[in-house]
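> Data file model.cif (mmCIF, C-alpha atoms) is appended below.
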data_final
loop_
_atom_site.group_PDB
_atom_site.id
_atom_site.type_symbol
_atom_site.label_atom_id
_atom_site.label_comp_id
_atom_site.auth_asym_id
_atom_site.auth_seq_id
_atom_site.Cartn_x
_atom_site.Cartn_y
_atom_site.Cartn_z
ATOM 1 C CA MET K 1 12.577 14.643 123.440
ATOM 2 C CA LEU K 2 9.482 16.273 124.901
ATOM 3 C CA PHE K 3 6.190 15.250 123.345
ATOM 4 C CA ARG K 4 3.093 17.210 124.264
ATOM 5 C CA SER K 5 0.776 14.523 123.012
ATOM 6 C CA ALA K 6 -0.503 11.574 125.025
ATOM 7 C CA GLU K 7 -0.795 9.620 121.794
ATOM 8 C CA ALA K 8 2.888 10.221 120.933
ATOM 9 C CA TRP K 9 4.000 9.040 124.384
ATOM 10 C CA ASN K 10 1.731 6.013 124.097
ATOM 11 C CA ASN K 11 3.207 5.133 120.689
ATOM 12 C CA LEU K 12 6.721 5.457 122.094
ATOM 13 C CA GLY K 13 5.645 3.151 124.927
ATOM 14 C CA LEU K 14 4.362 0.614 122.416
ATOM 15 C CA THR K 15 7.718 0.754 120.638
ATOM 16 C CA HIS K 16 9.570 0.103 123.887
ATOM 17 C CA GLY K 17 7.137 -2.681 124.718
ATOM 18 C CA SER K 18 7.703 -4.387 121.384
ATOM 19 C CA LEU K 19 11.439 -4.331 122.169
ATOM 20 C CA LYS K 20 10.719 -5.967 125.574
ATOM 21 C CA GLN K 21 11.781 -2.753 127.340
ATOM 22 C CA ILE K 22 8.848 -2.879 129.733
ATOM 23 C CA GLU K 23 10.119 -0.374 132.322
ATOM 24 C CA GLU K 24 10.685 2.227 129.589
ATOM 25 C CA ALA K 25 7.280 1.450 128.098
ATOM 26 C CA MET K 26 5.593 1.966 131.469
ATOM 27 C CA ALA K 27 7.403 5.299 131.911
ATOM 28 C CA CYS K 28 6.041 6.420 128.530
ATOM 29 C CA TYR K 29 2.475 5.323 129.392
ATOM 30 C CA ARG K 30 2.726 7.225 132.697
ATOM 31 C CA GLN K 31 3.962 10.302 130.843
ATOM 32 C CA ALA K 32 1.015 10.038 128.459
ATOM 33 C CA LEU K 33 -1.348 9.811 131.431
ATOM 34 C CA SER K 34 0.253 12.876 133.009
ATOM 35 C CA ILE K 35 -0.770 14.764 129.862
ATOM 36 C CA ASP K 36 -4.235 13.203 129.635
ATOM 37 C CA ALA K 37 -5.386 10.998 132.538
ATOM 38 C CA THR K 38 -8.357 9.817 130.449
ATOM 39 C CA PHE K 39 -6.315 8.544 127.493
ATOM 40 C CA LYS K 40 -7.681 5.002 127.283
ATOM 41 C CA PRO K 41 -4.878 3.324 125.307
ATOM 42 C CA SER K 42 -2.186 4.372 127.798
ATOM 43 C CA ARG K 43 -4.287 3.372 130.817
ATOM 44 C CA GLN K 44 -4.879 -0.090 129.355
ATOM 45 C CA ASN K 45 -1.285 -0.484 128.147
ATOM 46 C CA LEU K 46 0.108 0.509 131.546
ATOM 47 C CA ALA K 47 -2.162 -1.971 133.310
ATOM 48 C CA GLN K 48 -1.130 -4.781 130.959
ATOM 49 C CA ALA K 49 2.571 -3.908 131.279
ATOM 50 C CA LEU K 50 2.233 -4.019 135.073
ATOM 51 C CA VAL K 51 0.747 -7.518 134.759
ATOM 52 C CA GLN K 52 3.741 -8.549 132.617
ATOM 53 C CA GLN K 53 6.018 -7.317 135.401
ATOM 54 C CA LYS K 54 3.893 -9.200 137.954
ATOM 55 C CA HIS K 55 2.909 -5.973 139.736
ATOM 56 C CA HIS K 56 -0.658 -7.214 140.139
ATOM 57 C CA GLU K 57 -1.695 -4.884 142.967
ATOM 58 C CA GLU K 58 -0.786 -1.804 140.931
ATOM 59 C CA ALA K 59 -2.246 -3.337 137.755
ATOM 60 C CA LEU K 60 -5.505 -3.945 139.624
ATOM 61 C CA LYS K 61 -5.711 -0.218 140.406
ATOM 62 C CA GLU K 62 -4.969 0.709 136.795
ATOM 63 C CA PHE K 63 -7.624 -1.667 135.436
ATOM 64 C CA ALA K 64 -10.110 -0.212 137.950
ATOM 65 C CA ALA K 65 -9.228 3.341 136.829
ATOM 66 C CA TYR K 66 -9.574 2.222 133.204
ATOM 67 C CA GLY K 67 -13.030 0.825 133.954
ATOM 68 C CA LEU K 68 -14.160 4.177 135.337
ATOM 69 C CA LEU K 69 -13.301 6.132 132.182
ATOM 70 C CA ASP K 70 -16.157 7.617 130.190
ATOM 71 C CA THR K 71 -17.097 6.356 126.748
ATOM 72 C CA LEU K 72 -15.818 2.803 127.135
ATOM 73 C CA THR K 73 -17.033 0.399 124.489
ATOM 74 C CA PRO K 74 -18.505 -2.901 125.686
ATOM 75 C CA GLN K 75 -15.216 -4.586 124.711
ATOM 76 C CA GLU K 76 -13.203 -2.079 126.771
ATOM 77 C CA THR K 77 -15.563 -2.509 129.728
ATOM 78 C CA VAL K 78 -15.005 -6.266 129.637
ATOM 79 C CA ILE K 79 -11.226 -5.763 129.344
ATOM 80 C CA ALA K 80 -11.294 -3.613 132.487
ATOM 81 C CA LEU K 81 -13.394 -6.148 134.380
ATOM 82 C CA GLN K 82 -11.343 -9.140 133.228
ATOM 83 C CA GLY K 83 -8.127 -7.340 134.042
ATOM 84 C CA GLN K 84 -9.319 -6.706 137.577
ATOM 85 C CA ILE K 85 -10.533 -10.281 138.022
ATOM 86 C CA ASN K 86 -7.283 -11.715 136.627
ATOM 87 C CA CYS K 87 -5.215 -9.548 138.991
ATOM 88 C CA LEU K 88 -7.353 -10.650 141.928
ATOM 89 C CA MET K 89 -6.817 -14.291 140.930
ATOM 90 C CA GLU K 90 -3.037 -13.748 140.750
ATOM 91 C CA LEU K 91 -3.197 -12.130 144.202
ATOM 92 C CA ASP K 92 -5.120 -15.174 145.524
ATOM 93 C CA ARG K 93 -8.214 -13.068 146.266
ATOM 94 C CA TYR K 94 -10.838 -15.444 144.876
ATOM 95 C CA LYS K 95 -13.778 -14.139 146.940
ATOM 96 C CA GLU K 96 -13.104 -10.553 145.834
ATOM 97 C CA GLY K 97 -13.076 -11.754 142.220
ATOM 98 C CA LEU K 98 -16.473 -13.379 142.685
ATOM 99 C CA ASP K 99 -17.782 -10.256 144.439
ATOM 100 C CA LEU K 100 -16.623 -8.099 141.526
ATOM 101 C CA ALA K 101 -18.290 -10.440 139.026
ATOM 102 C CA ASP K 102 -21.471 -10.535 141.113
ATOM 103 C CA ALA K 103 -21.603 -6.719 141.141
ATOM 104 C CA GLN K 104 -22.406 -6.704 137.418
ATOM 105 C CA PRO K 105 -25.783 -5.054 136.732
ATOM 106 C CA GLU K 106 -27.505 -7.826 134.801
ATOM 107 C CA HIS K 107 -27.802 -11.529 135.674
ATOM 108 C CA ARG K 108 -26.421 -12.896 132.394
ATOM 109 C CA LEU K 109 -23.493 -10.454 132.592
ATOM 110 C CA ARG K 110 -22.819 -11.612 136.176
ATOM 111 C CA LEU K 111 -22.708 -15.217 135.018
ATOM 112 C CA MET K 112 -20.390 -14.358 132.111
ATOM 113 C CA ALA K 113 -18.069 -12.463 134.462
ATOM 114 C CA ARG K 114 -18.061 -15.376 136.915
ATOM 115 C CA LEU K 115 -16.634 -17.618 134.180
ATOM 116 C CA HIS K 116 -13.416 -15.558 134.428
ATOM 117 C CA VAL K 117 -13.115 -16.230 138.161
ATOM 118 C CA VAL K 118 -10.857 -19.267 138.354
ATOM 119 C CA PRO K 119 -8.133 -19.387 141.020
ATOM 120 C CA VAL K 120 -4.507 -19.712 140.040
ATOM 121 C CA LEU K 121 -3.919 -22.055 142.976
ATOM 122 C CA TYR K 122 -6.384 -24.233 144.843
ATOM 123 C CA GLU K 123 -6.364 -24.709 148.604
ATOM 124 C CA SER K 124 -7.353 -28.374 148.404
ATOM 125 C CA ALA K 125 -9.002 -30.990 146.233
ATOM 126 C CA GLN K 126 -12.294 -29.979 147.856
ATOM 127 C CA HIS K 127 -11.727 -26.347 146.836
ATOM 128 C CA LEU K 128 -11.031 -27.465 143.259
ATOM 129 C CA ASP K 129 -14.267 -29.484 143.245
ATOM 130 C CA GLN K 130 -16.233 -26.507 144.611
ATOM 131 C CA VAL K 131 -14.874 -24.165 141.943
ATOM 132 C CA ARG K 132 -15.553 -26.691 139.183
ATOM 133 C CA ARG K 133 -19.089 -27.212 140.438
ATOM 134 C CA ARG K 134 -19.727 -23.441 140.666
ATOM 135 C CA TRP K 135 -18.307 -22.927 137.181
ATOM 136 C CA PHE K 136 -20.383 -25.774 135.702
ATOM 137 C CA ASP K 137 -23.559 -24.493 137.396
ATOM 138 C CA ASP K 138 -22.895 -20.980 136.077
ATOM 139 C CA VAL K 139 -22.364 -22.289 132.542
ATOM 140 C CA GLN K 140 -25.533 -24.399 132.669
ATOM 141 C CA GLU K 141 -27.631 -21.484 133.943
ATOM 142 C CA LEU K 142 -26.107 -19.085 131.420
ATOM 143 C CA TYR K 143 -26.706 -21.512 128.563
ATOM 144 C CA GLY K 144 -30.406 -21.632 129.461
ATOM 145 C CA LEU K 145 -30.638 -17.837 129.729
ATOM 146 C CA LEU K 146 -29.007 -17.301 126.337
ATOM 147 C CA ASP K 147 -31.453 -19.567 124.509
ATOM 148 C CA GLY K 148 -33.261 -17.433 121.939
ATOM 149 C CA LEU K 149 -30.922 -14.447 122.334
ATOM 150 C CA THR K 150 -31.071 -12.004 119.433
ATOM 151 C CA ILE K 151 -29.061 -8.956 118.440
ATOM 152 C CA ASP K 152 -31.992 -6.807 119.616
ATOM 153 C CA ASP K 153 -31.373 -7.791 123.250
ATOM 154 C CA CYS K 154 -30.344 -4.808 125.405
ATOM 155 C CA CYS K 155 -27.260 -6.687 126.647
ATOM 156 C CA TRP K 156 -26.171 -8.060 123.270
ATOM 157 C CA ASP K 157 -22.994 -5.941 123.014
ATOM 158 C CA MET K 158 -21.773 -6.800 126.509
ATOM 159 C CA LEU K 159 -22.614 -10.490 126.190
ATOM 160 C CA TYR K 160 -20.831 -10.589 122.841
ATOM 161 C CA ALA K 161 -17.764 -8.883 124.355
ATOM 162 C CA HIS K 162 -17.628 -11.438 127.177
ATOM 163 C CA ALA K 163 -18.060 -14.337 124.759
ATOM 164 C CA TRP K 164 -15.308 -12.949 122.523
ATOM 165 C CA ALA K 165 -12.953 -12.567 125.476
ATOM 166 C CA LEU K 166 -13.635 -16.066 126.799
ATOM 167 C CA THR K 167 -13.221 -17.586 123.350
ATOM 168 C CA ASN K 168 -9.896 -15.833 122.819
ATOM 169 C CA PHE K 169 -8.689 -16.960 126.250
ATOM 170 C CA TYR K 170 -9.521 -20.590 125.565
ATOM 171 C CA LEU K 171 -8.205 -20.490 121.990
ATOM 172 C CA ARG K 172 -4.893 -19.113 123.296
ATOM 173 C CA SER K 173 -4.886 -21.808 125.968
ATOM 174 C CA GLU K 174 -5.457 -24.492 123.328
ATOM 175 C CA GLU K 175 -2.692 -23.070 121.111
ATOM 176 C CA HIS K 176 -0.318 -22.975 124.080
ATOM 177 C CA THR K 177 -1.260 -26.538 125.047
ATOM 178 C CA SER K 178 -0.769 -27.714 121.447
ATOM 179 C CA GLU K 179 2.593 -25.987 121.288
ATOM 180 C CA LEU K 180 3.700 -27.618 124.541
ATOM 181 C CA GLN K 181 2.406 -30.988 123.374
ATOM 182 C CA SER K 182 4.327 -30.720 120.070
ATOM 183 C CA ARG K 183 7.507 -30.003 122.011
ATOM 184 C CA VAL K 184 6.947 -33.074 124.176
ATOM 185 C CA ASP K 185 6.201 -35.301 121.187
ATOM 186 C CA ILE K 186 9.453 -34.426 119.398
#
Give the structure from this file in structure tokens form.

Amino acid sequence: MLFRSAEAWNNLGLTHGSLKQIEEAMACYRQALSIDATFKPSRQNLAQALVQQKHHEEALKEFAAYGLLDTLTPQETVIALQGQINCLMELDRYKEGLDLADAQPEHRLRLMARLHVVPVLYESAQHLDQVRRRWFDDVQELYGLLDGLTIDDCCWDMLYAHAWALTNFYLRSEEHTSELQSRVDI
């Protein structure tokens, strides 16, 4: 079967992915990208499949390539940034994650991005305390900067995208914690 459409290859990849055939899905996403290297869905799907396979170094490159594509929506821009930061955290490259967050063009966006920078493992109790303190300080500063924010703000779309992503992350974490807790209580 030879498709000449990036979208067809991407859809086939999604089918394989839904069947937990991740290697086949990634092959389809790569084929789609060989047809159209700027096809956003396949770039994002390949990056996320690489994360599932714990190929974080390669996923980091794919998320970076995704972030460089033209015509990204604010949501897609945040997905690319978060993907890169999450890969860096999995690779134990905390400082690079902070540097990437701090490279954001606007102060409130930098603070929002920094909220995603949380190590997977901590070097010591002191390191944990430092990260918690940095995170708390960032939240406090951001909270003050968002006071009076309206939809007319030039950064509204990006701030909304970050807030949506953080909310979904924590809601999923709460659902997972609740599910684990219900299993323990039985």
> Could you state the separation of atom CA of Ile85 of chain K and atom CA of Ala49 of chain K in Å, given to one decimal place?
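Spanning atom CA of Ile85 of chain K to atom CA of Ala49 of chain K is a straight-line distance of 16.1 Å.
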> Evaluate the PyMOL selection byres ((chain K and resi 4-15) around 8) on the structure here and hand back the selected residues as a list in words.
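This file gives the following for the PyMOL selection byres ((chain K and resi 4-15) around 8): Leu2, Phe3, His16, Gly17, Ser18, Leu19, Glu24, Ala25, Met26, Ala27, Cys28, Tyr29, Gln31, Ala32, Leu33, Ile35, Asp36, Phe39, Pro41 and Ser42 of chain K.
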> Using only C-alpha atoms, which residue out of K:His116, K:Gln126, K:Arg108, K:Val78 lies closest to Asp147 of chain K?
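Ranked by minimum distance to Asp147 of chain K, first place goes to K:Arg108.
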> Please, what distance in Å, to one decimal, runs between atom CA of Gln75 of chain K and atom CA of Gln104 of chain K?
14.8 Å
> Quick one, how far is atom CA of His56 of chain K from atom CA of Met89 of chain K?
9.4 Å
> Please determine, counting all atoms listed in the file, which residue among K:Leu111, K:Gln52, K:Leu68, K:Gln21 has the shortest atom-to-atom distance to Leu145 of chain K.
K:Leu111
> As a VMD selection string, please: the residues near Glu106 of chain K (cut-off 12 Å, all atoms listed in the file, same-chain neighbours under 3 positions excluded).
chain K and resid 101 to 103 109 to 113 142 145 154 to 156 158 to 159
> Can you list, as a ChimeraX atom specification, the residues that the PyMOL selection byres ((chain K and resi 66) around 7) selects here?
/K:40,43-44,62-65,67-69,80
> Can I get the selection written as a PDB file, in the coordinates of the input, with C-alpha atoms?

ATOM      1  CA  LYS K  40      -7.681   5.002 127.283  1.00  0.00           C
ATOM      2  CA  ARG K  43      -4.287   3.372 130.817  1.00  0.00           C
ATOM      3  CA  GLN K  44      -4.879  -0.090 129.355  1.00  0.00           C
ATOM      4  CA  GLU K  62      -4.969   0.709 136.795  1.00  0.00           C
ATOM      5  CA  PHE K  63      -7.624  -1.667 135.436  1.00  0.00           C
ATOM      6  CA  ALA K  64     -10.110  -0.212 137.950  1.00  0.00           C
ATOM      7  CA  ALA K  65      -9.228   3.341 136.829  1.00  0.00           C
ATOM      8  CA  GLY K  67     -13.030   0.825 133.954  1.00  0.00           C
ATOM      9  CA  LEU K  68     -14.160   4.177 135.337  1.00  0.00           C
ATOM     10  CA  LEU K  69     -13.301   6.132 132.182  1.00  0.00           C
ATOM     11  CA  ALA K  80     -11.294  -3.613 132.487  1.00  0.00           C
TER      12      ALA K  80
END
> Up to 9 Å from (-12.5, -19.8, 138.3) in the file's coordinates: name the residues, counting only C-alpha atoms, as a PyMOL selection string.
chain K and resi 89+94+97-98+114-120+131-132+134-135
> With all atoms listed in the file as the atoms that count, which of K:Leu100, K:Ala47, K:Gln53, K:Glu58 lies nearest to Lys20 of chain K?
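The closest residue to Lys20 of chain K is K:Gln53.
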> Considering only C-alpha atoms, can you say which of K:Gly148, K:Asp129, K:Leu91, K:Leu81 comes closest to His55 of chain K?
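Answer, going by the shortest atom-to-atom distance: K:Leu91.
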> Dump N, CA, C and O atoms of segment 59-83 of chain K from the given block, as a CSV table (one decimal), in the first residue's frame.

chain,number,residue,atom,x,y,z
K,59,ALA,N,12.9,12.3,20.9
K,59,ALA,CA,11.7,13.0,21.0
K,59,ALA,C,12.0,14.5,21.2
K,59,ALA,O,11.2,15.4,20.7
K,60,LEU,N,13.0,14.8,22.0
K,60,LEU,CA,13.4,16.2,22.2
K,60,LEU,C,13.6,16.9,20.8
K,60,LEU,O,13.2,18.0,20.6
K,61,LYS,N,14.3,16.2,19.9
K,61,LYS,CA,14.6,16.8,18.6
K,61,LYS,C,13.3,17.0,17.8
K,61,LYS,O,13.2,18.0,17.1
K,62,GLU,N,12.4,16.0,17.9
K,62,GLU,CA,11.2,16.1,17.2
K,62,GLU,C,10.3,17.3,17.7
K,62,GLU,O,9.7,18.0,16.9
K,63,PHE,N,10.2,17.4,19.1
K,63,PHE,CA,9.5,18.5,19.6
K,63,PHE,C,10.1,19.9,19.2
K,63,PHE,O,9.4,20.8,19.0
K,64,ALA,N,11.4,19.9,19.2
K,64,ALA,CA,12.1,21.2,18.7
K,64,ALA,C,11.8,21.5,17.3
K,64,ALA,O,11.5,22.6,16.9
K,65,ALA,N,11.8,20.5,16.4
K,65,ALA,CA,11.4,20.6,15.0
K,65,ALA,C,10.0,21.1,14.9
K,65,ALA,O,9.6,22.0,14.1
K,66,TYR,N,9.1,20.5,15.7
K,66,TYR,CA,7.7,20.8,15.7
K,66,TYR,C,7.5,22.3,16.1
K,66,TYR,O,6.8,23.1,15.4
K,67,GLY,N,8.3,22.8,17.1
K,67,GLY,CA,8.2,24.1,17.5
K,67,GLY,C,8.7,25.2,16.5
K,67,GLY,O,8.3,26.3,16.6
K,68,LEU,N,9.5,24.7,15.5
K,68,LEU,CA,10.0,25.6,14.5
K,68,LEU,C,9.1,25.7,13.3
K,68,LEU,O,9.3,26.5,12.4
K,69,LEU,N,8.0,24.9,13.2
K,69,LEU,CA,7.1,24.9,12.1
K,69,LEU,C,6.3,26.3,12.0
K,69,LEU,O,6.0,26.9,13.1
K,70,ASP,N,6.0,26.7,10.8
K,70,ASP,CA,5.2,27.9,10.7
K,70,ASP,C,3.8,27.7,11.0
K,70,ASP,O,3.3,26.5,11.0
K,71,THR,N,3.1,28.7,11.3
K,71,THR,CA,1.7,28.7,11.6
K,71,THR,C,1.2,27.8,12.8
K,71,THR,O,0.2,27.3,12.7
K,72,LEU,N,2.1,27.8,13.8
K,72,LEU,CA,1.6,27.1,15.0
K,72,LEU,C,0.6,27.9,15.7
K,72,LEU,O,0.8,29.2,15.9
K,73,THR,N,-0.4,27.3,16.3
K,73,THR,CA,-1.3,28.0,17.2
K,73,THR,C,-0.6,28.2,18.5
K,73,THR,O,0.4,27.5,18.8
K,74,PRO,N,-1.2,29.0,19.4
K,74,PRO,CA,-0.6,29.2,20.7
K,74,PRO,C,-0.6,27.8,21.4
K,74,PRO,O,0.4,27.5,22.1
K,75,GLN,N,-1.6,27.0,21.3
K,75,GLN,CA,-1.7,25.7,21.9
K,75,GLN,C,-0.6,24.8,21.4
K,75,GLN,O,0.1,24.1,22.2
K,76,GLU,N,-0.3,24.8,20.1
K,76,GLU,CA,0.7,24.0,19.5
K,76,GLU,C,2.1,24.4,19.9
K,76,GLU,O,3.0,23.6,20.2
K,77,THR,N,2.3,25.7,20.1
K,77,THR,CA,3.5,26.3,20.5
K,77,THR,C,3.8,25.8,21.9
K,77,THR,O,5.0,25.4,22.3
K,78,VAL,N,2.8,25.8,22.8
K,78,VAL,CA,3.0,25.4,24.2
K,78,VAL,C,3.3,23.9,24.2
K,78,VAL,O,4.1,23.4,25.0
K,79,ILE,N,2.6,23.1,23.3
K,79,ILE,CA,2.9,21.6,23.3
K,79,ILE,C,4.3,21.4,22.9
K,79,ILE,O,5.0,20.5,23.5
K,80,ALA,N,4.8,22.1,21.9
K,80,ALA,CA,6.2,22.0,21.5
K,80,ALA,C,7.2,22.3,22.7
K,80,ALA,O,8.1,21.5,23.0
K,81,LEU,N,6.9,23.4,23.4
K,81,LEU,CA,7.8,23.8,24.5
K,81,LEU,C,7.7,22.8,25.6
K,81,LEU,O,8.7,22.4,26.2
K,82,GLN,N,6.5,22.4,26.0
K,82,GLN,CA,6.3,21.5,27.1
K,82,GLN,C,6.9,20.1,26.7
K,82,GLN,O,7.5,19.5,27.6
K,83,GLY,N,6.8,19.7,25.5
K,83,GLY,CA,7.4,18.4,25.1
K,83,GLY,C,8.9,18.5,25.3
K,83,GLY,O,9.5,17.5,25.8
